[in-house]
file protein_33.txt (compact mmCIF, C-alpha atoms and all ligand atoms)
# COMPACT_ATOMS: atom_id res chain seq x y z
CA MET A 1 100.83 124.56 79.24
CA SER A 2 101.08 124.21 83.01
CA ASN A 3 102.78 121.08 84.28
CA ILE A 4 101.03 121.30 87.65
CA GLU A 5 98.03 119.10 88.33
CA ILE A 6 95.60 119.17 91.26
CA ASP A 7 94.28 115.68 91.98
CA ALA A 8 90.56 115.67 91.16
CA LYS A 9 90.05 112.69 93.50
CA SER A 10 91.52 114.40 96.60
CA GLY A 11 89.60 116.59 99.00
CA PHE A 12 86.65 116.33 101.35
CA CYS A 13 84.67 113.11 101.55
CA PHE A 14 80.89 113.47 101.50
CA GLY A 15 80.68 113.17 105.32
CA VAL A 16 82.85 116.25 105.77
CA VAL A 17 81.17 118.17 102.91
CA ASN A 18 77.84 117.52 104.60
CA ALA A 19 79.10 118.66 108.05
CA ILE A 20 80.54 121.90 106.66
CA LYS A 21 77.36 122.59 104.67
CA LYS A 22 75.27 122.12 107.81
CA ALA A 23 77.59 124.45 109.77
CA GLU A 24 77.38 127.13 107.06
CA GLU A 25 73.58 126.86 106.93
CA GLU A 26 73.29 127.20 110.71
CA LEU A 27 75.78 130.08 110.85
CA ALA A 28 73.76 131.93 108.20
CA LYS A 29 70.82 131.99 110.64
CA GLY A 30 72.89 134.15 113.01
CA GLY A 31 73.68 133.65 116.70
CA THR A 32 76.39 131.45 118.15
CA LEU A 33 76.97 127.95 116.88
CA TYR A 34 79.26 125.74 118.93
CA CYS A 35 81.03 122.75 117.42
CA LEU A 36 82.07 119.84 119.62
CA GLY A 37 85.69 119.25 118.55
CA ASP A 38 87.32 120.42 115.32
CA ILE A 39 84.76 120.14 112.52
CA VAL A 40 87.52 118.79 110.31
CA HIS A 41 91.18 117.92 111.02
CA ASN A 42 92.36 120.96 109.15
CA ASN A 43 93.25 124.13 111.06
CA LEU A 44 92.84 126.46 108.10
CA GLU A 45 89.32 125.29 107.32
CA VAL A 46 88.47 125.49 111.03
CA ASP A 47 89.81 129.09 111.08
CA ARG A 48 87.68 129.97 108.04
CA LEU A 49 84.51 128.71 109.74
CA GLU A 50 85.43 130.31 113.07
CA LYS A 51 85.61 133.65 111.26
CA LEU A 52 81.98 133.04 110.25
CA GLY A 53 81.04 132.55 113.92
CA LEU A 54 81.69 128.90 114.71
CA LYS A 55 83.09 128.27 118.22
CA THR A 56 84.99 125.04 118.75
CA ILE A 57 84.62 123.54 122.22
CA ASN A 58 85.78 120.39 123.99
CA HIS A 59 83.66 117.91 125.96
CA GLU A 60 84.32 119.60 129.32
CA GLU A 61 83.12 122.94 127.98
CA PHE A 62 80.15 121.25 126.32
CA ALA A 63 78.97 119.77 129.64
CA LYS A 64 78.83 123.28 131.17
CA LEU A 65 76.72 124.84 128.39
CA ARG A 66 72.96 125.43 128.64
CA ASP A 67 70.32 126.54 126.09
CA VAL A 68 72.66 126.79 123.06
CA ARG A 69 73.10 125.19 119.62
CA VAL A 70 75.88 122.64 119.21
CA LEU A 71 76.96 120.99 115.99
CA LEU A 72 78.20 117.40 116.12
CA ARG A 73 80.82 116.75 113.47
CA ALA A 74 81.07 113.84 111.01
CA HIS A 75 82.99 111.55 113.44
CA GLY A 76 79.87 110.97 115.55
CA GLU A 77 79.45 111.01 119.33
CA PRO A 78 78.73 108.48 122.09
CA PRO A 79 75.23 108.30 123.69
CA SER A 80 76.51 110.28 126.72
CA THR A 81 76.80 113.42 124.56
CA TYR A 82 73.10 113.23 123.59
CA LYS A 83 72.17 112.68 127.25
CA ILE A 84 74.05 115.81 128.34
CA ALA A 85 72.42 117.80 125.53
CA LYS A 86 68.98 116.70 126.65
CA ALA A 87 69.65 117.51 130.29
CA ASN A 88 71.10 120.96 129.44
CA ASN A 89 68.52 121.96 126.84
CA ILE A 90 71.17 122.03 124.12
CA GLU A 91 69.89 121.94 120.55
CA ILE A 92 71.94 119.38 118.63
CA ILE A 93 72.72 120.01 114.97
CA ASP A 94 73.72 116.49 114.10
CA ALA A 95 76.24 116.34 111.27
CA SER A 96 77.43 112.83 112.15
CA CYS A 97 78.27 111.03 108.92
CA PRO A 98 75.55 108.48 107.99
CA VAL A 99 78.26 105.85 107.44
CA VAL A 100 79.50 106.34 111.03
CA LEU A 101 75.94 106.30 112.40
CA ARG A 102 75.31 102.97 110.66
CA LEU A 103 78.48 101.56 112.19
CA GLN A 104 77.49 102.83 115.65
CA LYS A 105 74.12 101.10 115.32
CA LYS A 106 75.71 97.87 114.14
CA ILE A 107 78.07 97.81 117.15
CA HIS A 108 75.28 98.78 119.53
CA ASP A 109 72.99 95.99 118.24
CA LYS A 110 75.79 93.45 118.42
CA TYR A 111 76.69 94.50 121.95
CA ASP A 112 73.07 94.20 123.04
CA LEU A 113 72.79 90.77 121.50
CA GLU A 114 76.06 89.36 122.84
CA LYS A 115 76.66 91.08 126.17
CA ASP A 116 75.56 88.08 128.23
CA ASN A 117 77.76 85.49 126.56
CA ASN A 118 81.29 86.85 127.18
CA THR A 119 81.78 87.96 123.58
CA GLN A 120 84.60 90.44 123.21
CA ILE A 121 83.64 93.35 120.95
CA VAL A 122 86.87 94.50 119.33
CA ILE A 123 87.42 97.74 117.42
CA TYR A 124 90.41 98.07 115.12
CA GLY A 125 91.09 101.78 115.44
CA LYS A 126 92.98 104.56 117.17
CA ASN A 127 92.58 104.93 120.93
CA GLY A 128 91.20 108.34 121.82
CA HIS A 129 90.09 109.16 118.26
CA ALA A 130 86.68 110.89 118.28
CA GLU A 131 85.06 108.27 116.04
CA VAL A 132 86.41 105.44 118.22
CA ASN A 133 85.10 107.16 121.37
CA GLY A 134 81.67 107.28 119.71
CA LEU A 135 81.92 103.57 118.86
CA LEU A 136 83.10 102.62 122.36
CA GLY A 137 80.10 104.45 123.78
CA GLN A 138 77.81 101.97 122.01
CA THR A 139 79.22 99.22 124.24
CA ASP A 140 79.22 101.10 127.58
CA SER A 141 82.97 101.45 126.95
CA THR A 142 83.53 97.69 127.23
CA ALA A 143 84.87 97.16 123.68
CA ILE A 144 88.60 96.48 123.29
CA VAL A 145 90.48 98.83 120.97
CA ILE A 146 93.25 97.30 118.87
CA GLU A 147 95.58 99.78 117.20
CA LYS A 148 98.13 97.29 115.87
CA LYS A 149 98.78 93.56 115.80
CA GLU A 150 100.91 93.71 118.99
CA ASP A 151 97.76 94.77 120.89
CA LEU A 152 96.09 91.45 120.08
CA ASP A 153 97.61 89.94 123.22
CA LYS A 154 94.87 91.81 125.11
CA LEU A 155 92.30 89.36 123.69
CA ASP A 156 91.20 86.04 125.13
CA PHE A 157 91.15 83.66 122.16
CA SER A 158 89.21 81.03 124.08
CA LYS A 159 86.18 83.38 124.11
CA ASN A 160 84.05 84.70 121.25
CA ILE A 161 85.42 87.69 119.36
CA CYS A 162 83.48 90.11 117.20
CA LEU A 163 85.65 92.54 115.24
CA PHE A 164 84.76 95.91 113.69
CA SER A 165 86.94 98.63 112.21
CA GLN A 166 87.10 102.38 112.52
CA THR A 167 86.01 103.70 109.11
CA THR A 168 89.36 105.21 108.17
CA LYS A 169 91.70 102.28 108.88
CA PRO A 170 93.60 100.66 105.98
CA LEU A 171 92.13 97.51 104.43
CA ASP A 172 95.43 95.59 104.46
CA GLY A 173 95.96 96.29 108.17
CA PHE A 174 92.43 95.05 108.90
CA GLN A 175 93.04 91.88 106.88
CA GLU A 176 96.24 91.23 108.82
CA ILE A 177 94.36 91.55 112.13
CA ILE A 178 91.67 89.13 110.85
CA ASP A 179 94.29 86.57 109.78
CA ILE A 180 96.10 86.68 113.12
CA ILE A 181 92.91 86.36 115.17
CA GLN A 182 91.73 83.48 112.99
CA SER A 183 95.02 81.64 113.51
CA ARG A 184 94.91 82.10 117.32
CA MET A 185 91.27 81.16 118.05
CA LYS A 186 90.90 78.20 120.47
CA GLY A 187 88.27 75.51 120.98
CA ASP A 188 84.66 76.35 120.15
CA ALA A 189 85.09 80.09 120.45
CA ARG A 190 83.44 81.96 117.59
CA PHE A 191 85.14 84.68 115.54
CA GLU A 192 83.05 87.10 113.50
CA TYR A 193 84.26 90.21 111.71
CA PHE A 194 82.64 93.05 109.83
CA ASP A 195 84.45 95.10 107.22
CA THR A 196 83.31 98.58 108.23
CA ILE A 197 86.03 100.54 106.44
CA CYS A 198 84.71 103.51 104.48
CA ARG A 199 85.49 103.22 100.79
CA GLN A 200 85.60 107.01 100.53
CA VAL A 201 88.98 106.62 102.19
CA SER A 202 90.22 103.18 101.18
CA ASN A 203 89.61 103.88 97.46
CA ARG A 204 91.88 106.85 97.76
CA ILE A 205 94.87 104.59 98.30
CA PRO A 206 94.89 103.10 94.77
CA ASN A 207 93.95 106.52 93.35
CA ILE A 208 96.74 108.33 95.13
CA LYS A 209 99.31 105.70 94.13
CA GLU A 210 98.43 106.27 90.47
CA PHE A 211 98.62 110.04 90.95
CA ALA A 212 101.97 109.90 92.82
CA LEU A 213 103.51 107.78 90.05
CA LYS A 214 102.38 110.25 87.38
CA HIS A 215 104.43 113.22 88.63
CA ASP A 216 108.07 114.08 89.36
CA ILE A 217 107.23 115.92 92.59
CA ILE A 218 104.22 115.64 94.89
CA PHE A 219 102.97 118.20 97.38
CA PHE A 220 100.55 116.53 99.76
CA VAL A 221 98.40 119.07 101.60
CA ALA A 222 96.75 118.16 104.91
CA GLY A 223 96.38 119.16 108.55
CA GLU A 224 98.85 117.60 110.99
CA LYS A 225 95.98 115.98 112.95
CA SER A 226 94.45 114.16 109.98
CA SER A 227 94.74 110.37 110.39
CA ASN A 228 93.86 109.58 106.80
CA GLY A 229 96.27 112.35 105.73
CA LYS A 230 99.10 110.39 107.37
CA VAL A 231 98.02 107.15 105.69
CA LEU A 232 97.65 108.73 102.24
CA PHE A 233 100.91 110.64 102.50
CA ALA A 234 102.76 107.43 103.42
CA GLU A 235 101.35 105.93 100.23
CA CYS A 236 102.56 108.90 98.12
CA LYS A 237 106.01 108.65 99.65
CA LYS A 238 106.13 104.90 98.99
CA TYR A 239 105.58 105.37 95.25
CA ASN A 240 107.21 108.75 94.82
CA PRO A 241 110.14 109.58 97.16
CA ASN A 242 109.91 113.23 96.04
CA SER A 243 106.70 113.67 98.04
CA TYR A 244 106.38 116.49 100.56
CA PHE A 245 103.80 116.86 103.35
CA ILE A 246 102.73 120.49 103.72
CA THR A 247 99.97 122.22 105.64
CA THR A 248 100.20 125.66 103.99
CA PRO A 249 101.84 127.07 100.84
CA SER A 250 104.51 128.68 103.03
CA ASP A 251 105.81 125.18 103.92
CA ILE A 252 107.03 124.73 100.33
CA ASN A 253 110.80 124.71 100.09
CA PRO A 254 111.51 126.76 96.90
CA ASP A 255 114.70 124.72 96.32
CA VAL A 256 112.70 121.59 95.47
CA VAL A 257 110.46 123.37 92.93
CA SER A 258 112.22 123.00 89.61
CA LYS A 259 110.80 124.78 86.58
CA THR A 260 110.61 121.71 84.38
CA ALA A 261 109.43 118.95 86.73
CA THR A 262 105.79 117.93 86.63
CA ILE A 263 104.18 118.67 89.98
CA GLY A 264 101.16 116.93 91.47
CA ILE A 265 99.13 118.49 94.29
CA CYS A 266 96.90 116.19 96.30
CA GLY A 267 95.55 115.90 99.82
CA ALA A 268 93.54 114.13 102.48
CA THR A 269 89.78 113.71 102.79
CA SER A 270 89.91 116.75 105.09
CA THR A 271 91.73 119.01 102.61
CA PRO A 272 89.54 121.63 100.92
CA LYS A 273 90.11 122.32 97.22
CA TRP A 274 90.83 125.99 97.91
CA GLN A 275 93.95 124.98 99.86
CA MET A 276 95.30 122.91 96.97
CA GLU A 277 94.64 125.88 94.65
CA GLU A 278 96.64 128.16 96.97
CA VAL A 279 99.54 125.70 96.75
CA GLU A 280 99.35 125.80 92.95
CA ALA A 281 99.43 129.62 93.03
CA LYS A 282 102.48 129.55 95.34
CA ILE A 283 104.35 127.19 93.00
CA ASP A 284 103.59 129.51 90.08
CA GLU A 285 104.93 132.41 92.15
CA ILE A 286 108.15 130.53 93.03
CA ARG A 287 108.66 129.60 89.41
CA ALA A 288 108.16 133.18 88.28
CA VAL A 289 111.20 134.34 90.26
CA PRO A 290 114.19 134.57 87.87
CA VAL A 291 117.03 132.17 88.79
S1 LIG B 1 85.59 109.06 105.66
FE1 LIG B 1 83.68 107.99 105.20
S2 LIG B 1 82.80 107.53 107.20
FE2 LIG B 1 84.34 109.09 107.54
S3 LIG B 1 83.24 111.02 107.41
FE3 LIG B 1 84.02 110.60 105.35
S4 LIG B 1 82.35 109.54 104.31
FE4 LIG B 1 81.93 109.46 106.50
call {"tool": "encode", "arguments": {"input": "protein_33.txt", "output": "structure tokens"}}
result
Amino acid sequence: MSNIEIDAKSGFCFGVVNAIKKAEEELAKGGTLYCLGDIVHNNLEVDRLEKLGLKTINHEEFAKLRDVRVLLRAHGEPPSTYKIAKANNIEIIDASCPVVLRLQKKIHDKYDLEKDNNTQIVIYGKNGHAEVNGLLGQTDSTAIVIEKKEDLDKLDFSKNICLFSQTTKPLDGFQEIIDIIQSRMKGDARFEYFDTICRQVSNRIPNIKEFALKHDIIFFVAGEKSSNGKVLFAECKKYNPNSYFITTPSDINPDVVSKTATIGICGATSTPKWQMEEVEAKIDEIRAVPV
């Protein structure tokens, strides 16, 4: 019996599954389909879709296009993107994740409600990340992005604060930010926070811990650009020091693949199952070589 297991709870979240399905459906109709930014933070999956006709573009290129179809990926986009599309007669295929769209609306409504009373809208997230850019756009780019607790010095604790989180941030980091803000608030200033972390990602942390503890060796498969890949890999490494981050089967060092060890293969929310299966096949191949 094989002592290799692919983690059934790893792989694409429903937001990414939905975006890829939409892209495949549109590509099947023929013609060019542009995608604004990488559809998923995984070069191999992007390559697969590009072979089917998808063309990845950046925002500068997008602004120059006219009369074409453009897919918006799961991360969502700021209002300015929709304005450009309208002005340039671009047909938008909107694959923004519904969870992200709900968060955008929540931030937009809050901003509208509070913009005249000096409330600071704060987003716990990564500066420059596509989802965060989409969230910032809901506040005319006035929200303050906090990546880590050291950034909290940017806030004025004598004024109201309203805190949201990028969907893929860790729950414990968010709690730490809440605790610090609460302890620093001054006078009558109001502090409100909304837990907007997507459980599709945060539930993976306890799952991956269990999986990492179950095996002697872990191969974690993800693209280098995947934020949740970094978070989940750190968790694997914490509970199983024999954890290796790989992007393709060729990254596997044959010296660490013993014949008897149990091997777990897992990945990020942006890792397709076919990539984990390729890693399994490579391990079988390495093991088949006589010592
Ligand atoms: S992680 Fe959650 S919010 Fe982000 S795309 Fe996936 S399902 Fe949507």
call {"tool": "closest_atom_pairs", "arguments": {"input": "protein_33.txt", "of": "chain A", "to": "ligand LIG 1 (chain B)", "cutoff": "8 Å", "atoms": "only C-alpha atoms and all ligand atoms", "output": "Markdown table"}}
result
| residue | atom | partner | partner_atom | distance |
| --- | --- | --- | --- | --- |
| A:Phe12 | CA | B:LIG1 | FE3 | 7.5 |
| A:Cys13 | CA | B:LIG1 | FE3 | 4.6 |
| A:Phe14 | CA | B:LIG1 | S4 | 5.0 |
| A:Gly15 | CA | B:LIG1 | S3 | 3.9 |
| A:Val16 | CA | B:LIG1 | S3 | 5.5 |
| A:Ala74 | CA | B:LIG1 | S3 | 5.1 |
| A:His75 | CA | B:LIG1 | S3 | 6.1 |
| A:Ser96 | CA | B:LIG1 | S3 | 7.7 |
| A:Cys97 | CA | B:LIG1 | FE4 | 4.7 |
| A:Pro98 | CA | B:LIG1 | FE4 | 6.6 |
| A:Val99 | CA | B:LIG1 | S2 | 4.8 |
| A:Val100 | CA | B:LIG1 | S2 | 5.2 |
| A:Thr167 | CA | B:LIG1 | S2 | 5.3 |
| A:Thr168 | CA | B:LIG1 | S1 | 5.9 |
| A:Ile197 | CA | B:LIG1 | S2 | 7.7 |
| A:Cys198 | CA | B:LIG1 | FE1 | 4.7 |
| A:Arg199 | CA | B:LIG1 | FE1 | 6.7 |
| A:Gln200 | CA | B:LIG1 | FE1 | 5.1 |
| A:Val201 | CA | B:LIG1 | S1 | 5.4 |
| A:Thr269 | CA | B:LIG1 | S1 | 6.9 |
call {"tool": "residues_near_point", "arguments": {"input": "protein_33.txt", "point": "(73.9, 116.4, 115.9)", "cutoff": "9 Å", "atoms": "all atoms listed in the file", "output": "MDAnalysis selection string"}}
result
chainID A and resid 70:73 76:77 82 91:96
call {"tool": "write_last_selection", "arguments": {"input": "protein_33.txt", "atoms": "C-alpha atoms", "output": "PDB file, keeping the file's coordinate frame"}}
result
ATOM      1  CA  VAL A  70      75.880 122.640 119.210  1.00  0.00           C
ATOM      2  CA  LEU A  71      76.960 120.990 115.990  1.00  0.00           C
ATOM      3  CA  LEU A  72      78.200 117.400 116.120  1.00  0.00           C
ATOM      4  CA  ARG A  73      80.820 116.750 113.470  1.00  0.00           C
ATOM      5  CA  GLY A  76      79.870 110.970 115.550  1.00  0.00           C
ATOM      6  CA  GLU A  77      79.450 111.010 119.330  1.00  0.00           C
ATOM      7  CA  TYR A  82      73.100 113.230 123.590  1.00  0.00           C
ATOM      8  CA  GLU A  91      69.890 121.940 120.550  1.00  0.00           C
ATOM      9  CA  ILE A  92      71.940 119.380 118.630  1.00  0.00           C
ATOM     10  CA  ILE A  93      72.720 120.010 114.970  1.00  0.00           C
ATOM     11  CA  ASP A  94      73.720 116.490 114.100  1.00  0.00           C
ATOM     12  CA  ALA A  95      76.240 116.340 111.270  1.00  0.00           C
ATOM     13  CA  SER A  96      77.430 112.830 112.150  1.00  0.00           C
TER      14      SER A  96
END
call {"tool": "residues_around", "arguments": {"input": "protein_33.txt", "residues": "Leu213 (chain A)", "least_positions_apart": "6", "cutoff": "12 Å", "atoms": "all atoms listed in the file", "output": "PDB file with C-alpha atoms, in the frame of the given file"}}
result
ATOM      1  CA  PRO A 206      94.890 103.100  94.770  1.00  0.00           C
ATOM      2  CA  ASN A 207      93.950 106.520  93.350  1.00  0.00           C
ATOM      3  CA  GLU A 235     101.350 105.930 100.230  1.00  0.00           C
ATOM      4  CA  CYS A 236     102.560 108.900  98.120  1.00  0.00           C
ATOM      5  CA  LYS A 237     106.010 108.650  99.650  1.00  0.00           C
ATOM      6  CA  LYS A 238     106.130 104.900  98.990  1.00  0.00           C
ATOM      7  CA  TYR A 239     105.580 105.370  95.250  1.00  0.00           C
ATOM      8  CA  ASN A 240     107.210 108.750  94.820  1.00  0.00           C
ATOM      9  CA  PRO A 241     110.140 109.580  97.160  1.00  0.00           C
ATOM     10  CA  ASN A 242     109.910 113.230  96.040  1.00  0.00           C
ATOM     11  CA  SER A 243     106.700 113.670  98.040  1.00  0.00           C
ATOM     12  CA  THR A 262     105.790 117.930  86.630  1.00  0.00           C
ATOM     13  CA  ILE A 263     104.180 118.670  89.980  1.00  0.00           C
ATOM     14  CA  GLY A 264     101.160 116.930  91.470  1.00  0.00           C
TER      15      GLY A 264
END
call {"tool": "residues_around", "arguments": {"input": "protein_33.txt", "residues": "Lys55 (chain A)", "least_positions_apart": "2", "cutoff": "8 Å", "atoms": "only C-alpha atoms", "output": "number ranges by chain"}}
result
A: 32-35, 50, 53, 57
call {"tool": "closest_residue", "arguments": {"input": "protein_33.txt", "among": "A:Val68, A:Ala130, A:Ile123, A:Ala288", "to": "Ile39 (chain A)", "atoms": "all atoms listed in the file"}}
result
A:Ala130
call {"tool": "atom_distance", "arguments": {"input": "protein_33.txt", "atom1": "CA of Gly137 (chain A)", "atom2": "CA of Asn42 (chain A)"}}
result
25.2 Å
call {"tool": "axis_aligned_box", "arguments": {"input": "protein_33.txt", "around": "region 79-91 of chain A", "padding_each_side": "6 Å", "output": "AutoDock Vina command-line options"}}
result
--center_x 72.7 --center_y 115.2 --center_z 125.4 --size_x 20.3 --size_y 25.7 --size_z 21.7
call {"tool": "residues_around", "arguments": {"input": "protein_33.txt", "residues": "Ile4 (chain A)", "least_positions_apart": "2", "cutoff": "10 Å", "atoms": "only C-alpha atoms", "output": "list in words"}}
result
Met1, Ser2, Ile6, Asp7, His215, Ile217, Ile218, Ala261, Thr262, Ile263, Gly264, Ile265, Glu280, Ile283 and Asp284 of chain A
call {"tool": "write_last_selection", "arguments": {"input": "protein_33.txt", "atoms": "C-alpha atoms", "output": "PDB file, keeping the file's coordinate frame"}}
result
ATOM      1  CA  MET A   1     100.830 124.560  79.240  1.00  0.00           C
ATOM      2  CA  SER A   2     101.080 124.210  83.010  1.00  0.00           C
ATOM      3  CA  ILE A   6      95.600 119.170  91.260  1.00  0.00           C
ATOM      4  CA  ASP A   7      94.280 115.680  91.980  1.00  0.00           C
ATOM      5  CA  HIS A 215     104.430 113.220  88.630  1.00  0.00           C
ATOM      6  CA  ILE A 217     107.230 115.920  92.590  1.00  0.00           C
ATOM      7  CA  ILE A 218     104.220 115.640  94.890  1.00  0.00           C
ATOM      8  CA  ALA A 261     109.430 118.950  86.730  1.00  0.00           C
ATOM      9  CA  THR A 262     105.790 117.930  86.630  1.00  0.00           C
ATOM     10  CA  ILE A 263     104.180 118.670  89.980  1.00  0.00           C
ATOM     11  CA  GLY A 264     101.160 116.930  91.470  1.00  0.00           C
ATOM     12  CA  ILE A 265      99.130 118.490  94.290  1.00  0.00           C
ATOM     13  CA  GLU A 280      99.350 125.800  92.950  1.00  0.00           C
ATOM     14  CA  ILE A 283     104.350 127.190  93.000  1.00  0.00           C
ATOM     15  CA  ASP A 284     103.590 129.510  90.080  1.00  0.00           C
TER      16      ASP A 284
END
call {"tool": "closest_atom_pairs", "arguments": {"input": "protein_33.txt", "of": "region 107-163 of chain A", "to": "region 188-193 of chain A", "cutoff": "12 Å", "atoms": "only C-alpha atoms", "output": "tab-separated table"}}
result
residue	atom	partner	partner_atom	distance
A:Ile107	CA	A:Tyr193	CA	11.2
A:Lys110	CA	A:Glu192	CA	10.8
A:Glu114	CA	A:Arg190	CA	11.7
A:Asn117	CA	A:Ala189	CA	11.0
A:Asn118	CA	A:Ala189	CA	10.3
A:Thr119	CA	A:Arg190	CA	8.6
A:Gln120	CA	A:Phe191	CA	9.6
A:Ile121	CA	A:Glu192	CA	9.7
A:Val122	CA	A:Tyr193	CA	9.1
A:Ile123	CA	A:Tyr193	CA	10.0
A:Tyr124	CA	A:Tyr193	CA	10.5
A:Leu155	CA	A:Phe191	CA	11.8
A:Asp156	CA	A:Ala189	CA	9.7
A:Phe157	CA	A:Ala189	CA	7.2
A:Ser158	CA	A:Ala189	CA	5.6
A:Lys159	CA	A:Ala189	CA	5.0
A:Asn160	CA	A:Arg190	CA	4.6
A:Ile161	CA	A:Phe191	CA	4.9
A:Cys162	CA	A:Glu192	CA	4.8
A:Leu163	CA	A:Tyr193	CA	4.5
call {"tool": "closest_residue", "arguments": {"input": "protein_33.txt", "among": "A:Gly128, A:Glu61, A:Lys9, A:Glu278", "to": "Glu210 (chain A)", "atoms": "all atoms listed in the file"}}
result
A:Lys9
call {"tool": "decode", "arguments": {"input": "protein_33.txt", "residues": "region 214-228 of chain A", "atoms": "N, CA, C and O atoms", "output": "short mmCIF file (atom, residue, chain, number, x, y, z; two decimals), in the first residue's frame"}}
result
data_model
loop_
_atom_site.label_atom_id
_atom_site.label_comp_id
_atom_site.auth_asym_id
_atom_site.auth_seq_id
_atom_site.Cartn_x
_atom_site.Cartn_y
_atom_site.Cartn_z
N LYS A 214 0.67 14.20 10.80
CA LYS A 214 0.37 12.81 10.45
C LYS A 214 1.48 12.13 9.64
O LYS A 214 1.50 10.91 9.52
N HIS A 215 2.37 12.94 9.03
CA HIS A 215 3.35 12.36 8.10
C HIS A 215 4.79 12.67 8.51
O HIS A 215 5.05 13.64 9.21
N ASP A 216 5.71 11.80 8.01
CA ASP A 216 7.14 12.02 8.31
C ASP A 216 7.68 13.20 7.50
O ASP A 216 8.50 13.99 7.98
N ILE A 217 7.24 13.28 6.25
CA ILE A 217 7.74 14.33 5.34
C ILE A 217 6.54 14.99 4.67
O ILE A 217 5.57 14.31 4.33
N ILE A 218 6.64 16.31 4.50
CA ILE A 218 5.56 17.04 3.82
C ILE A 218 6.13 17.77 2.61
O ILE A 218 7.15 18.47 2.72
N PHE A 219 5.45 17.62 1.47
CA PHE A 219 5.74 18.47 0.32
C PHE A 219 4.56 19.40 0.16
O PHE A 219 3.43 18.94 -0.05
N PHE A 220 4.85 20.68 0.31
CA PHE A 220 3.80 21.70 0.21
C PHE A 220 3.93 22.35 -1.17
O PHE A 220 4.97 22.93 -1.50
N VAL A 221 2.89 22.25 -1.97
CA VAL A 221 2.96 22.72 -3.37
C VAL A 221 2.18 24.03 -3.52
O VAL A 221 0.99 24.08 -3.21
N ALA A 222 2.88 25.07 -3.99
CA ALA A 222 2.18 26.35 -4.21
C ALA A 222 3.04 27.24 -5.10
O ALA A 222 4.23 27.01 -5.27
N GLY A 223 2.41 28.27 -5.66
CA GLY A 223 3.14 29.27 -6.42
C GLY A 223 3.86 30.21 -5.46
O GLY A 223 3.40 30.42 -4.34
N GLU A 224 4.98 30.77 -5.92
CA GLU A 224 5.76 31.65 -5.02
C GLU A 224 4.99 32.91 -4.63
O GLU A 224 5.26 33.52 -3.61
N LYS A 225 4.01 33.33 -5.48
CA LYS A 225 3.28 34.58 -5.21
C LYS A 225 2.08 34.39 -4.29
O LYS A 225 1.41 35.35 -3.94
N SER A 226 1.78 33.16 -3.91
CA SER A 226 0.57 32.92 -3.13
C SER A 226 0.74 33.33 -1.67
O SER A 226 1.57 32.78 -0.95
N SER A 227 -0.07 34.32 -1.22
CA SER A 227 0.05 34.77 0.18
C SER A 227 -0.41 33.67 1.12
O SER A 227 0.24 33.39 2.13
N ASN A 228 -1.54 33.03 0.82
CA ASN A 228 -2.01 32.02 1.77
C ASN A 228 -1.10 30.80 1.71
O ASN A 228 -0.98 30.06 2.68
#
